[in-house]
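A.B. asks: Dropping in input.cif, which is mmCIF, C-alpha atoms:
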data_run
#
loop_
_atom_site.label_atom_id
_atom_site.label_comp_id
_atom_site.auth_asym_id
_atom_site.auth_seq_id
_atom_site.Cartn_x
_atom_site.Cartn_y
_atom_site.Cartn_z
CA MET D 18 -10.88 -44.68 15.29
CA LEU D 19 -13.39 -43.26 12.85
CA PRO D 20 -17.12 -43.84 13.38
CA GLU D 21 -18.78 -47.10 12.42
CA ILE D 22 -22.55 -47.19 12.03
CA VAL D 23 -24.05 -50.68 12.18
CA THR D 24 -27.70 -49.86 12.98
CA PRO D 25 -29.93 -46.83 12.33
CA ILE D 26 -29.41 -43.92 14.73
CA PRO D 27 -31.03 -43.92 17.20
CA GLY D 28 -31.20 -47.71 17.06
CA PRO D 29 -33.94 -49.87 18.56
CA ARG D 30 -32.27 -50.20 21.96
CA SER D 31 -31.74 -46.44 22.25
CA LEU D 32 -35.36 -45.83 21.27
CA GLU D 33 -36.52 -48.33 23.89
CA LEU D 34 -34.42 -46.62 26.57
CA ALA D 35 -35.70 -43.21 25.49
CA GLN D 36 -39.25 -44.37 26.11
CA LYS D 37 -38.29 -45.52 29.61
CA LEU D 38 -36.57 -42.22 30.35
CA HIS D 39 -39.53 -40.25 29.05
CA ARG D 40 -41.80 -42.09 31.46
CA TYR D 41 -39.67 -41.85 34.59
CA GLU D 42 -37.35 -38.83 34.35
CA SER D 43 -38.38 -35.20 34.67
CA GLN D 44 -39.21 -34.04 31.16
CA ASN D 45 -36.92 -31.02 31.48
CA VAL D 46 -33.68 -32.98 31.89
CA THR D 47 -32.97 -34.99 28.73
CA TYR D 48 -33.93 -33.72 25.29
CA LEU D 49 -35.83 -36.50 23.51
CA ALA D 50 -36.81 -36.56 19.83
CA GLU D 51 -37.20 -39.14 17.09
CA ASP D 52 -33.60 -38.54 15.96
CA PHE D 53 -32.02 -37.86 19.37
CA PRO D 54 -30.33 -39.03 21.63
CA ILE D 55 -28.22 -42.18 21.61
CA PHE D 56 -27.58 -44.06 24.86
CA TRP D 57 -23.93 -44.58 25.72
CA GLN D 58 -22.77 -48.11 26.52
CA ARG D 59 -18.97 -47.84 26.75
CA ALA D 60 -16.13 -45.54 25.74
CA GLU D 61 -12.40 -45.62 25.14
CA GLY D 62 -9.99 -42.96 23.92
CA THR D 63 -11.82 -40.72 21.44
CA ASN D 64 -14.62 -43.22 20.84
CA VAL D 65 -18.02 -43.93 22.36
CA TRP D 66 -20.20 -46.98 21.63
CA ASP D 67 -23.96 -46.76 22.04
CA ALA D 68 -26.42 -49.38 23.29
CA ASP D 69 -26.96 -50.55 19.68
CA GLY D 70 -23.28 -51.14 18.93
CA ASN D 71 -22.57 -47.99 16.88
CA ARG D 72 -19.15 -46.37 17.31
CA PHE D 73 -18.94 -42.58 17.53
CA LEU D 74 -16.12 -40.05 17.41
CA ASP D 75 -16.51 -37.84 20.46
CA LEU D 76 -15.84 -34.12 19.96
CA THR D 77 -17.24 -33.23 23.39
CA SER D 78 -14.99 -35.16 25.80
CA ALA D 79 -18.30 -35.71 27.64
CA PHE D 80 -18.71 -32.01 28.54
CA GLY D 81 -14.92 -31.53 28.67
CA VAL D 82 -14.39 -34.14 31.37
CA CYS D 83 -12.41 -36.81 29.48
CA GLY D 84 -9.57 -34.76 28.08
CA LEU D 85 -7.09 -37.56 28.68
CA GLY D 86 -9.41 -39.89 26.77
CA HIS D 87 -12.35 -42.01 27.85
CA THR D 88 -11.52 -44.65 30.49
CA HIS D 89 -7.86 -43.62 30.57
CA PRO D 90 -5.87 -46.66 31.78
CA ALA D 91 -4.15 -44.93 34.72
CA VAL D 92 -7.36 -43.33 35.94
CA ARG D 93 -9.32 -46.55 35.53
CA SER D 94 -6.68 -48.51 37.44
CA ALA D 95 -6.80 -46.01 40.29
CA LEU D 96 -10.58 -46.36 40.49
CA VAL D 97 -10.48 -50.16 40.46
CA ALA D 98 -7.75 -50.34 43.11
CA GLN D 99 -9.43 -47.84 45.41
CA SER D 100 -12.89 -49.40 45.04
CA ALA D 101 -11.46 -52.76 46.12
CA ASP D 102 -10.40 -51.25 49.46
CA LEU D 103 -12.87 -48.46 50.24
CA MET D 104 -15.70 -46.89 48.25
CA HIS D 105 -16.95 -44.33 50.75
CA ALA D 106 -15.76 -42.71 53.97
CA MET D 107 -16.84 -39.82 56.23
CA GLY D 108 -15.11 -36.93 54.52
CA ASP D 109 -15.50 -34.24 57.21
CA VAL D 110 -15.57 -36.56 60.26
CA HIS D 111 -13.37 -39.61 59.59
CA PRO D 112 -11.60 -38.86 56.28
CA THR D 113 -9.08 -40.85 54.26
CA ALA D 114 -5.39 -40.57 53.49
CA VAL D 115 -6.20 -40.18 49.81
CA LYS D 116 -8.25 -37.05 50.55
CA ALA D 117 -5.35 -35.50 52.47
CA GLU D 118 -2.98 -36.28 49.61
CA LEU D 119 -5.31 -34.78 47.03
CA CYS D 120 -5.54 -31.52 48.97
CA ARG D 121 -1.74 -31.43 49.20
CA GLN D 122 -1.34 -32.08 45.48
CA LEU D 123 -3.90 -29.42 44.53
CA SER D 124 -1.88 -26.89 46.52
CA ALA D 125 1.36 -28.07 44.89
CA MET D 126 -0.08 -27.87 41.37
CA THR D 127 -1.46 -24.35 41.85
CA PHE D 128 -0.31 -21.84 44.46
CA GLU D 129 2.98 -23.55 45.29
CA ARG D 130 3.87 -23.98 41.62
CA TRP D 131 3.00 -20.29 41.11
CA ASN D 132 5.34 -19.31 43.99
CA ALA D 133 2.33 -17.82 45.80
CA GLY D 134 2.62 -19.61 49.13
CA TYR D 135 0.50 -22.66 49.63
CA GLY D 136 -3.17 -23.31 49.06
CA LYS D 137 -6.00 -24.76 51.07
CA VAL D 138 -8.91 -26.67 49.58
CA VAL D 139 -12.66 -27.13 49.87
CA LEU D 140 -13.73 -30.21 47.94
CA GLY D 141 -17.15 -30.53 46.32
CA ASN D 142 -19.19 -32.77 44.06
CA SER D 143 -19.76 -30.44 41.09
CA GLY D 144 -18.55 -27.24 39.50
CA SER D 145 -21.46 -25.41 41.08
CA ASP D 146 -20.29 -26.63 44.50
CA ALA D 147 -16.81 -25.23 43.91
CA VAL D 148 -18.17 -21.85 42.85
CA GLU D 149 -20.47 -21.64 45.86
CA ALA D 150 -17.55 -22.50 48.16
CA ALA D 151 -15.64 -19.62 46.56
CA LEU D 152 -18.56 -17.21 47.04
CA LYS D 153 -18.84 -18.19 50.70
CA THR D 154 -15.08 -17.80 51.16
CA SER D 155 -15.23 -14.33 49.63
CA LEU D 156 -17.95 -13.26 52.05
CA LEU D 157 -16.12 -14.64 55.08
CA TYR D 158 -12.83 -13.01 54.09
CA THR D 159 -14.05 -9.59 52.91
CA GLY D 160 -17.31 -9.24 54.81
CA LYS D 161 -18.89 -8.07 51.55
CA PRO D 162 -21.61 -10.12 49.82
CA GLY D 163 -21.49 -8.56 46.36
CA VAL D 164 -20.07 -10.30 43.29
CA ILE D 165 -19.19 -8.93 39.89
CA ALA D 166 -19.76 -11.52 37.17
CA PHE D 167 -20.07 -11.40 33.39
CA THR D 168 -22.70 -11.67 30.70
CA GLY D 169 -22.49 -15.06 29.01
CA GLY D 170 -20.85 -16.56 32.08
CA TYR D 171 -21.77 -20.03 33.29
CA HIS D 172 -20.88 -21.12 36.82
CA GLY D 173 -23.39 -23.87 37.57
CA LEU D 174 -27.08 -24.08 38.39
CA GLY D 175 -27.24 -24.34 42.18
CA LEU D 176 -29.20 -21.38 43.53
CA GLY D 177 -26.06 -19.68 44.86
CA ALA D 178 -24.03 -20.12 41.69
CA LEU D 179 -27.08 -19.41 39.53
CA SER D 180 -27.21 -15.85 40.85
CA THR D 181 -23.90 -15.22 39.06
CA VAL D 182 -24.78 -16.89 35.74
CA GLY D 183 -24.89 -14.46 32.82
CA ILE D 184 -27.18 -16.48 30.53
CA PRO D 185 -30.84 -15.45 31.04
CA TYR D 186 -32.22 -18.83 29.92
CA PHE D 187 -30.95 -20.45 33.10
CA ARG D 188 -31.68 -17.61 35.53
CA ASP D 189 -35.04 -16.20 34.49
CA PRO D 190 -37.34 -19.08 35.57
CA PHE D 191 -35.97 -18.89 39.12
CA ARG D 192 -35.54 -15.14 39.69
CA ALA D 193 -38.10 -15.18 42.50
CA GLN D 194 -35.79 -17.47 44.50
CA LEU D 195 -32.50 -15.76 43.71
CA LYS D 196 -30.83 -13.24 45.95
CA ASP D 197 -29.70 -10.19 44.02
CA PHE D 198 -26.05 -10.06 45.12
CA ALA D 199 -24.40 -10.29 41.68
CA ARG D 200 -23.81 -7.46 39.22
CA LEU D 201 -23.25 -8.43 35.59
CA VAL D 202 -20.89 -6.55 33.28
CA PRO D 203 -20.06 -7.29 29.61
CA TYR D 204 -17.52 -10.01 28.91
CA PRO D 205 -15.01 -8.57 26.42
CA PHE D 206 -14.50 -10.29 23.11
CA GLY D 207 -11.58 -10.54 20.72
CA PRO D 208 -8.03 -9.22 20.73
CA ALA D 209 -8.89 -5.55 21.33
CA GLY D 210 -11.96 -5.20 23.53
CA ASP D 211 -12.61 -1.85 25.23
CA LEU D 212 -10.95 -2.71 28.52
CA ASP D 213 -10.65 0.89 29.72
CA ARG D 214 -14.41 1.36 29.64
CA LEU D 215 -14.94 -2.01 31.32
CA ARG D 216 -12.42 -1.17 34.04
CA LEU D 217 -14.21 2.10 34.81
CA GLN D 218 -17.55 0.28 34.96
CA ILE D 219 -16.14 -2.28 37.39
CA GLU D 220 -14.51 0.36 39.57
CA LEU D 221 -17.79 2.28 39.74
CA LEU D 222 -19.66 -0.85 40.86
CA ILE D 223 -17.06 -1.48 43.55
CA SER D 224 -17.38 2.09 44.81
CA GLU D 225 -21.18 1.93 44.94
CA THR D 226 -21.77 -1.66 46.09
CA ASP D 227 -20.34 -4.01 48.72
CA ILE D 228 -18.35 -6.09 46.24
CA GLY D 229 -16.28 -8.88 47.72
CA CYS D 230 -15.07 -10.62 44.58
CA ILE D 231 -14.97 -10.73 40.80
CA LEU D 232 -15.92 -14.13 39.35
CA VAL D 233 -14.69 -14.86 35.84
CA GLU D 234 -13.95 -17.60 33.32
CA PRO D 235 -10.62 -17.10 31.50
CA ILE D 236 -12.40 -18.35 28.37
CA GLN D 237 -16.17 -18.69 28.42
CA GLY D 238 -17.35 -22.24 27.78
CA ARG D 239 -21.13 -22.47 27.73
CA GLY D 240 -21.08 -18.82 26.68
CA GLY D 241 -19.80 -19.92 23.27
CA CYS D 242 -16.01 -20.36 23.56
CA VAL D 243 -15.48 -16.62 23.94
CA VAL D 244 -11.82 -15.60 24.15
CA PRO D 245 -11.17 -12.23 25.81
CA PRO D 246 -8.37 -9.77 25.01
CA PRO D 247 -4.93 -10.78 26.34
CA ASP D 248 -4.92 -7.95 28.89
CA PHE D 249 -8.34 -8.81 30.35
CA LEU D 250 -7.25 -11.01 33.26
CA PRO D 251 -4.27 -8.77 34.13
CA MET D 252 -6.66 -5.80 34.22
CA LEU D 253 -8.96 -7.65 36.61
CA ARG D 254 -6.01 -8.64 38.79
CA TRP D 255 -4.90 -4.99 38.98
CA VAL D 256 -8.39 -3.75 39.87
CA CYS D 257 -8.78 -6.39 42.57
CA ASP D 258 -5.42 -5.49 44.11
CA GLU D 259 -6.20 -1.77 44.03
CA GLN D 260 -9.72 -2.13 45.44
CA GLY D 261 -9.20 -4.92 47.97
CA VAL D 262 -11.46 -7.34 46.09
CA LEU D 263 -10.83 -11.06 45.56
CA LEU D 264 -10.30 -12.48 42.07
CA VAL D 265 -12.08 -15.81 41.63
CA ILE D 266 -11.17 -17.64 38.43
CA ASP D 267 -13.51 -20.39 37.32
CA GLU D 268 -11.37 -22.98 35.52
CA ILE D 269 -13.92 -25.78 35.80
CA TYR D 270 -13.99 -26.03 31.99
CA THR D 271 -10.59 -24.63 31.02
CA GLY D 272 -8.48 -26.28 33.71
CA PHE D 273 -6.15 -29.24 33.29
CA ASN D 274 -4.67 -28.56 29.86
CA ARG D 275 -7.90 -27.94 27.94
CA THR D 276 -6.54 -24.68 26.46
CA GLY D 277 -2.94 -25.83 25.97
CA ALA D 278 -1.77 -24.75 29.42
CA LEU D 279 -2.28 -26.53 32.71
CA PHE D 280 -4.56 -23.64 33.68
CA ALA D 281 -5.72 -20.94 31.28
CA CYS D 282 -4.92 -18.13 33.74
CA GLU D 283 -1.25 -19.06 33.48
CA GLU D 284 -1.19 -17.90 29.87
CA ALA D 285 -2.01 -14.40 31.16
CA ARG D 286 0.49 -14.76 34.05
CA VAL D 287 -2.31 -14.10 36.53
CA VAL D 288 -2.58 -15.78 39.93
CA PRO D 289 -6.14 -15.85 41.31
CA ASP D 290 -7.10 -15.52 44.94
CA LEU D 291 -9.49 -18.44 44.55
CA LEU D 292 -9.48 -21.09 41.82
CA CYS D 293 -12.42 -23.36 40.96
CA VAL D 294 -11.71 -26.66 39.19
CA GLY D 295 -13.75 -29.71 38.19
CA LYS D 296 -14.45 -31.63 34.96
CA GLY D 297 -10.93 -32.72 33.94
CA LEU D 298 -9.89 -33.05 37.60
CA THR D 299 -10.89 -36.72 37.72
CA GLY D 300 -11.66 -37.65 34.12
CA GLY D 301 -15.00 -39.13 35.05
CA PHE D 302 -16.03 -38.82 38.71
CA PRO D 303 -18.18 -36.05 40.28
CA LEU D 304 -15.49 -34.19 42.20
CA SER D 305 -14.56 -30.51 42.23
CA ALA D 306 -12.43 -28.17 44.30
CA CYS D 307 -12.14 -24.56 45.38
CA ILE D 308 -8.49 -23.81 46.06
CA GLY D 309 -7.38 -20.58 47.68
CA GLY D 310 -4.37 -18.97 49.25
CA ALA D 311 -4.01 -20.18 52.84
CA GLU D 312 -4.54 -16.74 54.40
CA ILE D 313 -7.80 -16.25 52.50
CA MET D 314 -9.08 -19.76 53.14
CA ASP D 315 -8.37 -19.37 56.85
CA ALA D 316 -11.28 -16.92 56.95
CA TRP D 317 -13.25 -20.13 57.51
CA PRO D 318 -13.34 -20.79 61.28
CA PRO D 319 -11.84 -24.03 62.62
CA SER D 320 -14.32 -26.86 62.74
CA THR D 321 -15.89 -27.41 66.15
CA GLY D 322 -17.27 -30.76 65.06
CA GLU D 323 -19.86 -29.45 62.62
CA ALA D 324 -18.57 -28.10 59.30
CA LEU D 325 -20.23 -24.99 57.85
CA HIS D 326 -19.83 -26.24 54.29
CA THR D 327 -19.84 -29.97 53.63
CA SER D 328 -21.71 -32.84 52.01
CA THR D 329 -22.24 -36.54 52.54
CA PHE D 330 -19.86 -37.49 49.75
CA LEU D 331 -17.17 -34.88 50.43
CA GLY D 332 -13.76 -36.22 49.44
CA ASN D 333 -15.07 -39.56 48.19
CA PRO D 334 -12.04 -41.88 48.16
CA MET D 335 -12.68 -43.22 44.65
CA GLY D 336 -12.93 -39.69 43.26
CA CYS D 337 -9.80 -38.61 45.13
CA ALA D 338 -7.84 -41.58 43.80
CA MET D 339 -8.97 -40.86 40.25
CA ALA D 340 -8.06 -37.19 40.66
CA LEU D 341 -4.53 -38.03 41.81
CA ALA D 342 -4.02 -40.34 38.82
CA SER D 343 -5.49 -37.77 36.44
CA MET D 344 -3.38 -34.93 37.85
CA ALA D 345 -0.22 -37.01 37.46
CA GLU D 346 -0.98 -37.38 33.76
CA HIS D 347 -1.84 -33.69 33.36
CA ALA D 348 1.42 -32.69 35.04
CA LYS D 349 3.45 -34.36 32.29
CA PRO D 350 4.81 -31.86 29.73
CA GLU D 351 3.89 -34.25 26.94
CA THR D 352 0.20 -33.92 27.84
CA THR D 353 0.33 -30.15 27.47
CA GLY D 354 2.33 -30.54 24.26
CA LEU D 355 -0.24 -32.95 22.83
CA VAL D 356 -3.01 -30.38 23.33
CA GLN D 357 -0.95 -27.62 21.74
CA VAL D 358 -0.07 -29.67 18.64
CA HIS D 359 -3.50 -31.18 18.07
CA GLY D 360 -5.19 -27.90 18.92
CA ARG D 361 -3.24 -26.04 16.23
CA ARG D 362 -4.03 -28.71 13.64
CA LEU D 363 -7.72 -28.81 14.47
CA LYS D 364 -8.07 -25.03 14.53
CA THR D 365 -6.27 -24.73 11.18
CA ALA D 366 -8.64 -27.29 9.68
CA LEU D 367 -11.66 -25.40 11.00
CA GLU D 368 -10.32 -22.06 9.75
CA LYS D 369 -10.16 -23.53 6.23
CA LEU D 370 -13.90 -24.21 6.20
CA LYS D 371 -15.74 -22.18 3.56
CA SER D 372 -19.20 -20.84 4.30
CA PRO D 373 -20.91 -17.44 4.42
CA HIS D 374 -22.46 -18.63 7.69
CA ILE D 375 -19.16 -18.87 9.58
CA TRP D 376 -18.73 -15.69 11.56
CA HIS D 377 -15.76 -16.72 13.64
CA VAL D 378 -13.55 -19.68 14.51
CA ARG D 379 -12.07 -19.12 17.94
CA GLY D 380 -10.58 -20.75 20.99
CA ARG D 381 -7.29 -22.06 22.34
CA GLY D 382 -5.86 -25.52 22.58
CA LEU D 383 -8.63 -28.07 22.22
CA MET D 384 -11.38 -25.70 23.35
CA LEU D 385 -12.67 -24.40 20.02
CA GLY D 386 -15.89 -22.87 18.73
CA VAL D 387 -17.34 -22.19 15.28
CA GLU D 388 -19.91 -19.38 15.45
CA LEU D 389 -22.65 -19.52 12.82
CA ILE D 390 -24.70 -16.53 11.62
CA ASP D 391 -27.57 -16.21 9.18
CA THR D 392 -27.45 -13.96 6.12
CA ASP D 393 -29.00 -11.12 8.14
CA GLY D 394 -26.25 -11.31 10.75
CA THR D 395 -28.37 -12.96 13.45
CA PRO D 396 -27.34 -16.12 15.28
CA TYR D 397 -28.01 -19.13 13.05
CA THR D 398 -29.28 -21.41 15.79
CA ASP D 399 -31.30 -23.62 13.44
CA LEU D 400 -28.21 -24.45 11.37
CA ALA D 401 -26.09 -25.25 14.43
CA ILE D 402 -28.74 -27.58 15.86
CA ALA D 403 -29.27 -29.21 12.46
CA ILE D 404 -25.52 -29.85 12.15
CA VAL D 405 -25.38 -31.41 15.62
CA LYS D 406 -28.20 -33.79 14.67
CA ARG D 407 -26.80 -34.58 11.21
CA ALA D 408 -23.35 -35.23 12.66
CA LEU D 409 -24.88 -37.75 15.03
CA GLN D 410 -26.14 -39.72 12.02
CA ASP D 411 -22.55 -39.83 10.73
CA GLY D 412 -21.21 -40.95 14.10
CA ILE D 413 -19.90 -37.60 15.36
CA LEU D 414 -20.79 -36.28 18.81
CA LEU D 415 -21.07 -32.48 18.77
CA LEU D 416 -22.67 -29.80 20.95
CA ALA D 417 -24.05 -26.33 20.23
CA ASP D 418 -23.12 -23.68 22.81
CA GLY D 419 -23.57 -19.98 23.39
CA PRO D 420 -26.60 -18.05 24.70
CA ASP D 421 -28.24 -18.59 21.30
CA SER D 422 -26.91 -22.15 20.75
CA ASN D 423 -25.31 -21.06 17.48
CA VAL D 424 -21.70 -22.00 18.26
CA LEU D 425 -20.44 -25.46 17.36
CA SER D 426 -18.47 -26.48 20.45
CA ILE D 427 -15.48 -28.69 19.67
CA THR D 428 -13.65 -30.00 22.74
CA PRO D 429 -12.36 -33.49 21.84
CA PRO D 430 -10.11 -35.74 23.91
CA PHE D 431 -6.48 -34.71 23.64
CA THR D 432 -5.65 -37.89 21.71
CA ILE D 433 -7.63 -36.95 18.60
CA ASN D 434 -5.44 -37.78 15.58
CA ASP D 435 -4.87 -36.31 12.12
CA GLU D 436 -7.20 -38.77 10.38
CA GLU D 437 -10.00 -37.93 12.79
CA ILE D 438 -9.38 -34.19 12.39
CA ALA D 439 -9.57 -34.48 8.59
CA PHE D 440 -12.75 -36.55 8.84
CA VAL D 441 -14.43 -33.99 11.13
CA ALA D 442 -13.47 -31.02 8.96
CA ALA D 443 -14.74 -32.71 5.80
CA ARG D 444 -18.06 -33.58 7.37
CA ILE D 445 -18.65 -30.12 8.84
CA GLN D 446 -17.79 -28.57 5.47
CA GLU D 447 -20.42 -30.80 3.88
CA TYR D 448 -23.05 -29.82 6.46
CA LEU D 449 -22.38 -26.11 5.98
CA THR D 450 -23.48 -26.32 2.33
CA LEU D 451 -26.95 -27.45 3.32
CA LEU D 452 -29.94 -25.55 4.68
CA PRO D 453 -31.26 -26.62 8.09
CA GLY D 454 -34.45 -28.08 6.62
CA SER D 455 -32.48 -30.23 4.19
CA ILE D 456 -30.11 -31.74 6.73
CA SER D 457 -31.59 -35.13 7.53
#
Go through the file and emit its structure as structure tokens.
C.D. replies:
Amino acid sequence: MLPEIVTPIPGPRSLELAQKLHRYESQNVTYLAEDFPIFWQRAEGTNVWDADGNRFLDLTSAFGVCGLGHTHPAVRSALVAQSADLMHAMGDVHPTAVKAELCRQLSAMTFERWNAGYGKVVLGNSGSDAVEAALKTSLLYTGKPGVIAFTGGYHGLGLGALSTVGIPYFRDPFRAQLKDFARLVPYPFGPAGDLDRLRLQIELLISETDIGCILVEPIQGRGGCVVPPPDFLPMLRWVCDEQGVLLVIDEIYTGFNRTGALFACEEARVVPDLLCVGKGLTGGFPLSACIGGAEIMDAWPPSTGEALHTSTFLGNPMGCAMALASMAEHAKPETTGLVQVHGRRLKTALEKLKSPHIWHVRGRGLMLGVELIDTDGTPYTDLAIAIVKRALQDGILLLADGPDSNVLSITPPFTINDEEIAFVAARIQEYLTLLPGSIS
């Protein structure tokens, strides 16, 4: 459904809640201004309702989590049924049957489906957890602590994962606490990046440093929806095989049909050594996973009664039940087909936008970005932020991504329809004709 605004945005209830949050939450967490944010009350499909009764069209899928749609019926039913029986267990001491089944299904959906043996799993609570499990696995298997990661990369903000993040904004305040085990190289852009030069740079780093793995996103998310050349992942796979280095693919954002394939690495016909997933795994519960080939994952020693890597909520039964329901939906060919069809229509609509400030429309499936530049060729951050705020007034939820926050990030639920696509394109076209100071 299209947006419906019944009170000013933010409305009185949202403003009241913002005051409470300002008083009691760390001031660094939630951005608060007179015209931002709204407070979510409920959601269904492509729509979100705020605490004041306004209906919004969600182009974020809540950070890419709700690809199947908000409160998807099958996922909701799994949560309700599981919560009636058991809400919490002891994941690494006395686990549940649903945890065992989820691990089996994650293996079946990845390494077994790729005819690459079977996989073993470390579950976590966030994307950062999954990445840190992969980094630990790499060290245990190779004996080498070094990691090659990429500029613009985003792998979470835990201190281990943060060392690999290629966006200075997140790393710089905490450099004094970070161990310098990651080496950053440029993430290639476009259909014909200079992969030969990048390969030589990577090979030199491997020869000079104790590199255990290469950590990479198949398409960068927070980095601004950056799509690499088609031969990028195959080149990394070849280098890893030649040099005895593990390939860790971070599909926390791209996984589970976001790009029009179940996993984005499949489009390049590349099988990783370790795969990190989250976000769309459950459709709304904090659960993630690092999945690896059994031989590699068996570098972890058998538990003697005290796990080396665990957490209180590991394998939460409600999250596992939601993940199984979500994965069953993602495994259906019609889900993948829906993303491909709606992704093509949305991208075509965005490519028809007319503005001297559009530098590039890029992405795959329903992971799309519109990069904005000023007349001098610099990132037009002010315009992107102004559009995000103006869209909110019209009932559209948008985000600005990229190291300079100048890329409109458009990652809607897969069920977005033609009427909603036309509405979004028309509104963005309208915003692009205005200057940041005049968008209000």
A.B. asks: Which residues are close to segment 317-322 of chain D, i.e. within 9 Å by only C-alpha atoms, leaving aside same-chain residues fewer than 6 positions away? Reply as a list in words.
C.D. replies: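 Once the nearby chain positions are removed, what remains is Asp109, Val110, Thr154, Leu157 and Tyr158 of chain D.
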A.B. asks: With only C-alpha atoms as the atoms that count, which of D:Ser124, D:Thr327, D:Thr352, D:Thr392 lies nearest to Lys137 of chain D?
C.D. replies: D:Ser124
A.B. asks: Do you know which residues lie at most 7 Å from (-13.1, -29.3, 45.7), with coordinates as in the file and all atoms listed in the file counted, and could you write them as an NGL selection string?
C.D. replies: :D and (138-141 or 147 or 304-307)
A.B. asks: Calculated over only C-alpha atoms, which of the candidates D:Asp248, D:Asp258, D:Asp267, D:Glu346 has the smallest distance to Thr181 of chain D?
C.D. replies: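 Under the stated criterion, the closest residue is D:Asp267.
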A.B. asks: Using the chain letters and numbers from this file, what does the PyMOL selection byres ((chain D and resi 412-423) around 9) select? Give the answer as a ChimeraX atom specification.
C.D. replies: /D:19-22,26,65,71-77,80,169,184-186,238-243,386-390,396-402,404-411,424-428,441
A.B. asks: Run the PyMOL selection byres ((chain D and resi 330) around 8) against the file shown and list the residues it catches, as a PyMOL selection string.
C.D. replies: chain D and resi 105-108+142+328-329+331-333
A.B. asks: Which residue gives the smallest distance to Asp52 of chain D among D:Ala95, D:Ala178, D:Gly28, D:Gly382, with all atoms listed in the file counted?
C.D. replies: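 The closest residue to Asp52 of chain D is D:Gly28.
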A.B. asks: If the PyMOL selection byres ((chain D and resi 162) around 9) is run on the structure shown, which residues does it catch, given as a list in words?
C.D. replies: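 Selected by the PyMOL selection byres ((chain D and resi 162) around 9) here: Leu152, Lys153, Ser155, Leu156, Leu157, Thr159, Gly160, Lys161, Gly163, Val164, Phe198, Ala199, Asp227, Ile228, Gly229 and Cys230 of chain D.
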A.B. asks: Using all atoms listed in the file, which protein or nucleic acid residues come within 12 Å of Val202 of chain D? Drop anything in the same chain fewer than 3 positions from it, and give the result as a CSV table (one decimal) with C-alpha atoms, keeping the file's coordinate frame.
C.D. replies:
chain,number,residue,atom,x,y,z
D,164,VAL,CA,-20.1,-10.3,43.3
D,165,ILE,CA,-19.2,-8.9,39.9
D,166,ALA,CA,-19.8,-11.5,37.2
D,167,PHE,CA,-20.1,-11.4,33.4
D,168,THR,CA,-22.7,-11.7,30.7
D,169,GLY,CA,-22.5,-15.1,29.0
D,170,GLY,CA,-20.8,-16.6,32.1
D,181,THR,CA,-23.9,-15.2,39.1
D,182,VAL,CA,-24.8,-16.9,35.7
D,183,GLY,CA,-24.9,-14.5,32.8
D,199,ALA,CA,-24.4,-10.3,41.7
D,205,PRO,CA,-15.0,-8.6,26.4
D,212,LEU,CA,-11.0,-2.7,28.5
D,214,ARG,CA,-14.4,1.4,29.6
D,215,LEU,CA,-14.9,-2.0,31.3
D,216,ARG,CA,-12.4,-1.2,34.0
D,217,LEU,CA,-14.2,2.1,34.8
D,218,GLN,CA,-17.6,0.3,35.0
D,219,ILE,CA,-16.1,-2.3,37.4
D,220,GLU,CA,-14.5,0.4,39.6
D,221,LEU,CA,-17.8,2.3,39.7
D,222,LEU,CA,-19.7,-0.8,40.9
D,231,ILE,CA,-15.0,-10.7,40.8
D,232,LEU,CA,-15.9,-14.1,39.4
D,233,VAL,CA,-14.7,-14.9,35.8
A.B. asks: When you look at Lys116 of chain D with a cut-off of 7 Å (counting only C-alpha atoms), what residues show up, excluding the ones that are within fewer than 4 positions of it in the same chain? I need them as a list in words.
C.D. replies: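 That gives Pro112, Cys120, Gly332, Pro334 and Cys337 of chain D.
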A.B. asks: Calculated over all atoms listed in the file, which of the candidates D:Ile438, D:Ala403, D:Leu123, D:Leu383 has the smallest distance to Cys83 of chain D?
C.D. replies: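 Closest to Cys83 of chain D of all the choices is D:Leu383.
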A.B. asks: Just give me the gap between atom CA of Asp391 of chain D and atom CA of His374 of chain D in Å, one decimal is fine.
C.D. replies: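 Atom CA of Asp391 of chain D sits 5.8 Å away from atom CA of His374 of chain D.
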A.B. asks: Counting all atoms listed in the file, select every polymer residue within 10 Å of (-23.1, -28.9, 5.3) as defined in the file's coordinates, and provide the selection as a VMD selection string.
C.D. replies: chain D and resid 372 400 403 to 404 407 to 408 443 to 453 455 to 456
A.B. asks: Between atom CA of Asp67 of chain D and atom CA of Met18 of chain D, what distance in Å does the model show, to one decimal?
C.D. replies: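 A separation of 14.9 Å between them.
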A.B. asks: Enter the distance from atom CA of Gly297 of chain D to atom CA of Gly277 of chain D, in Å, rounded to one decimal.
C.D. replies: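 Separation between atom CA of Gly297 of chain D and atom CA of Gly277 of chain D: 13.2 Å.
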A.B. asks: Please determine, counting only C-alpha atoms, which residue among D:Cys282, D:Met384, D:Ala209, D:Ala439 has the shortest atom-to-atom distance to Ala366 of chain D.
C.D. replies: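 For Ala366 of chain D, the nearest of the given residues is D:Ala439.
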A.B. asks: Please identify all polymer residues within 12 Å of Lys37 of chain D, counting only C-alpha atoms, omitting same-chain residues fewer than 5 positions from it, and present them as a VMD selection string.
C.D. replies: chain D and resid 30 to 32 42 to 44 47 49 56
A.B. asks: Do a neighbour search on Gly360 of chain D at 12 Å with only C-alpha atoms, toss out local chain neighbours closer than 3 positions, and write the hits as an NGL selection string.
C.D. replies: :D and (274-278 or 353-357 or 363-367 or 379-386 or 427-435 or 438)
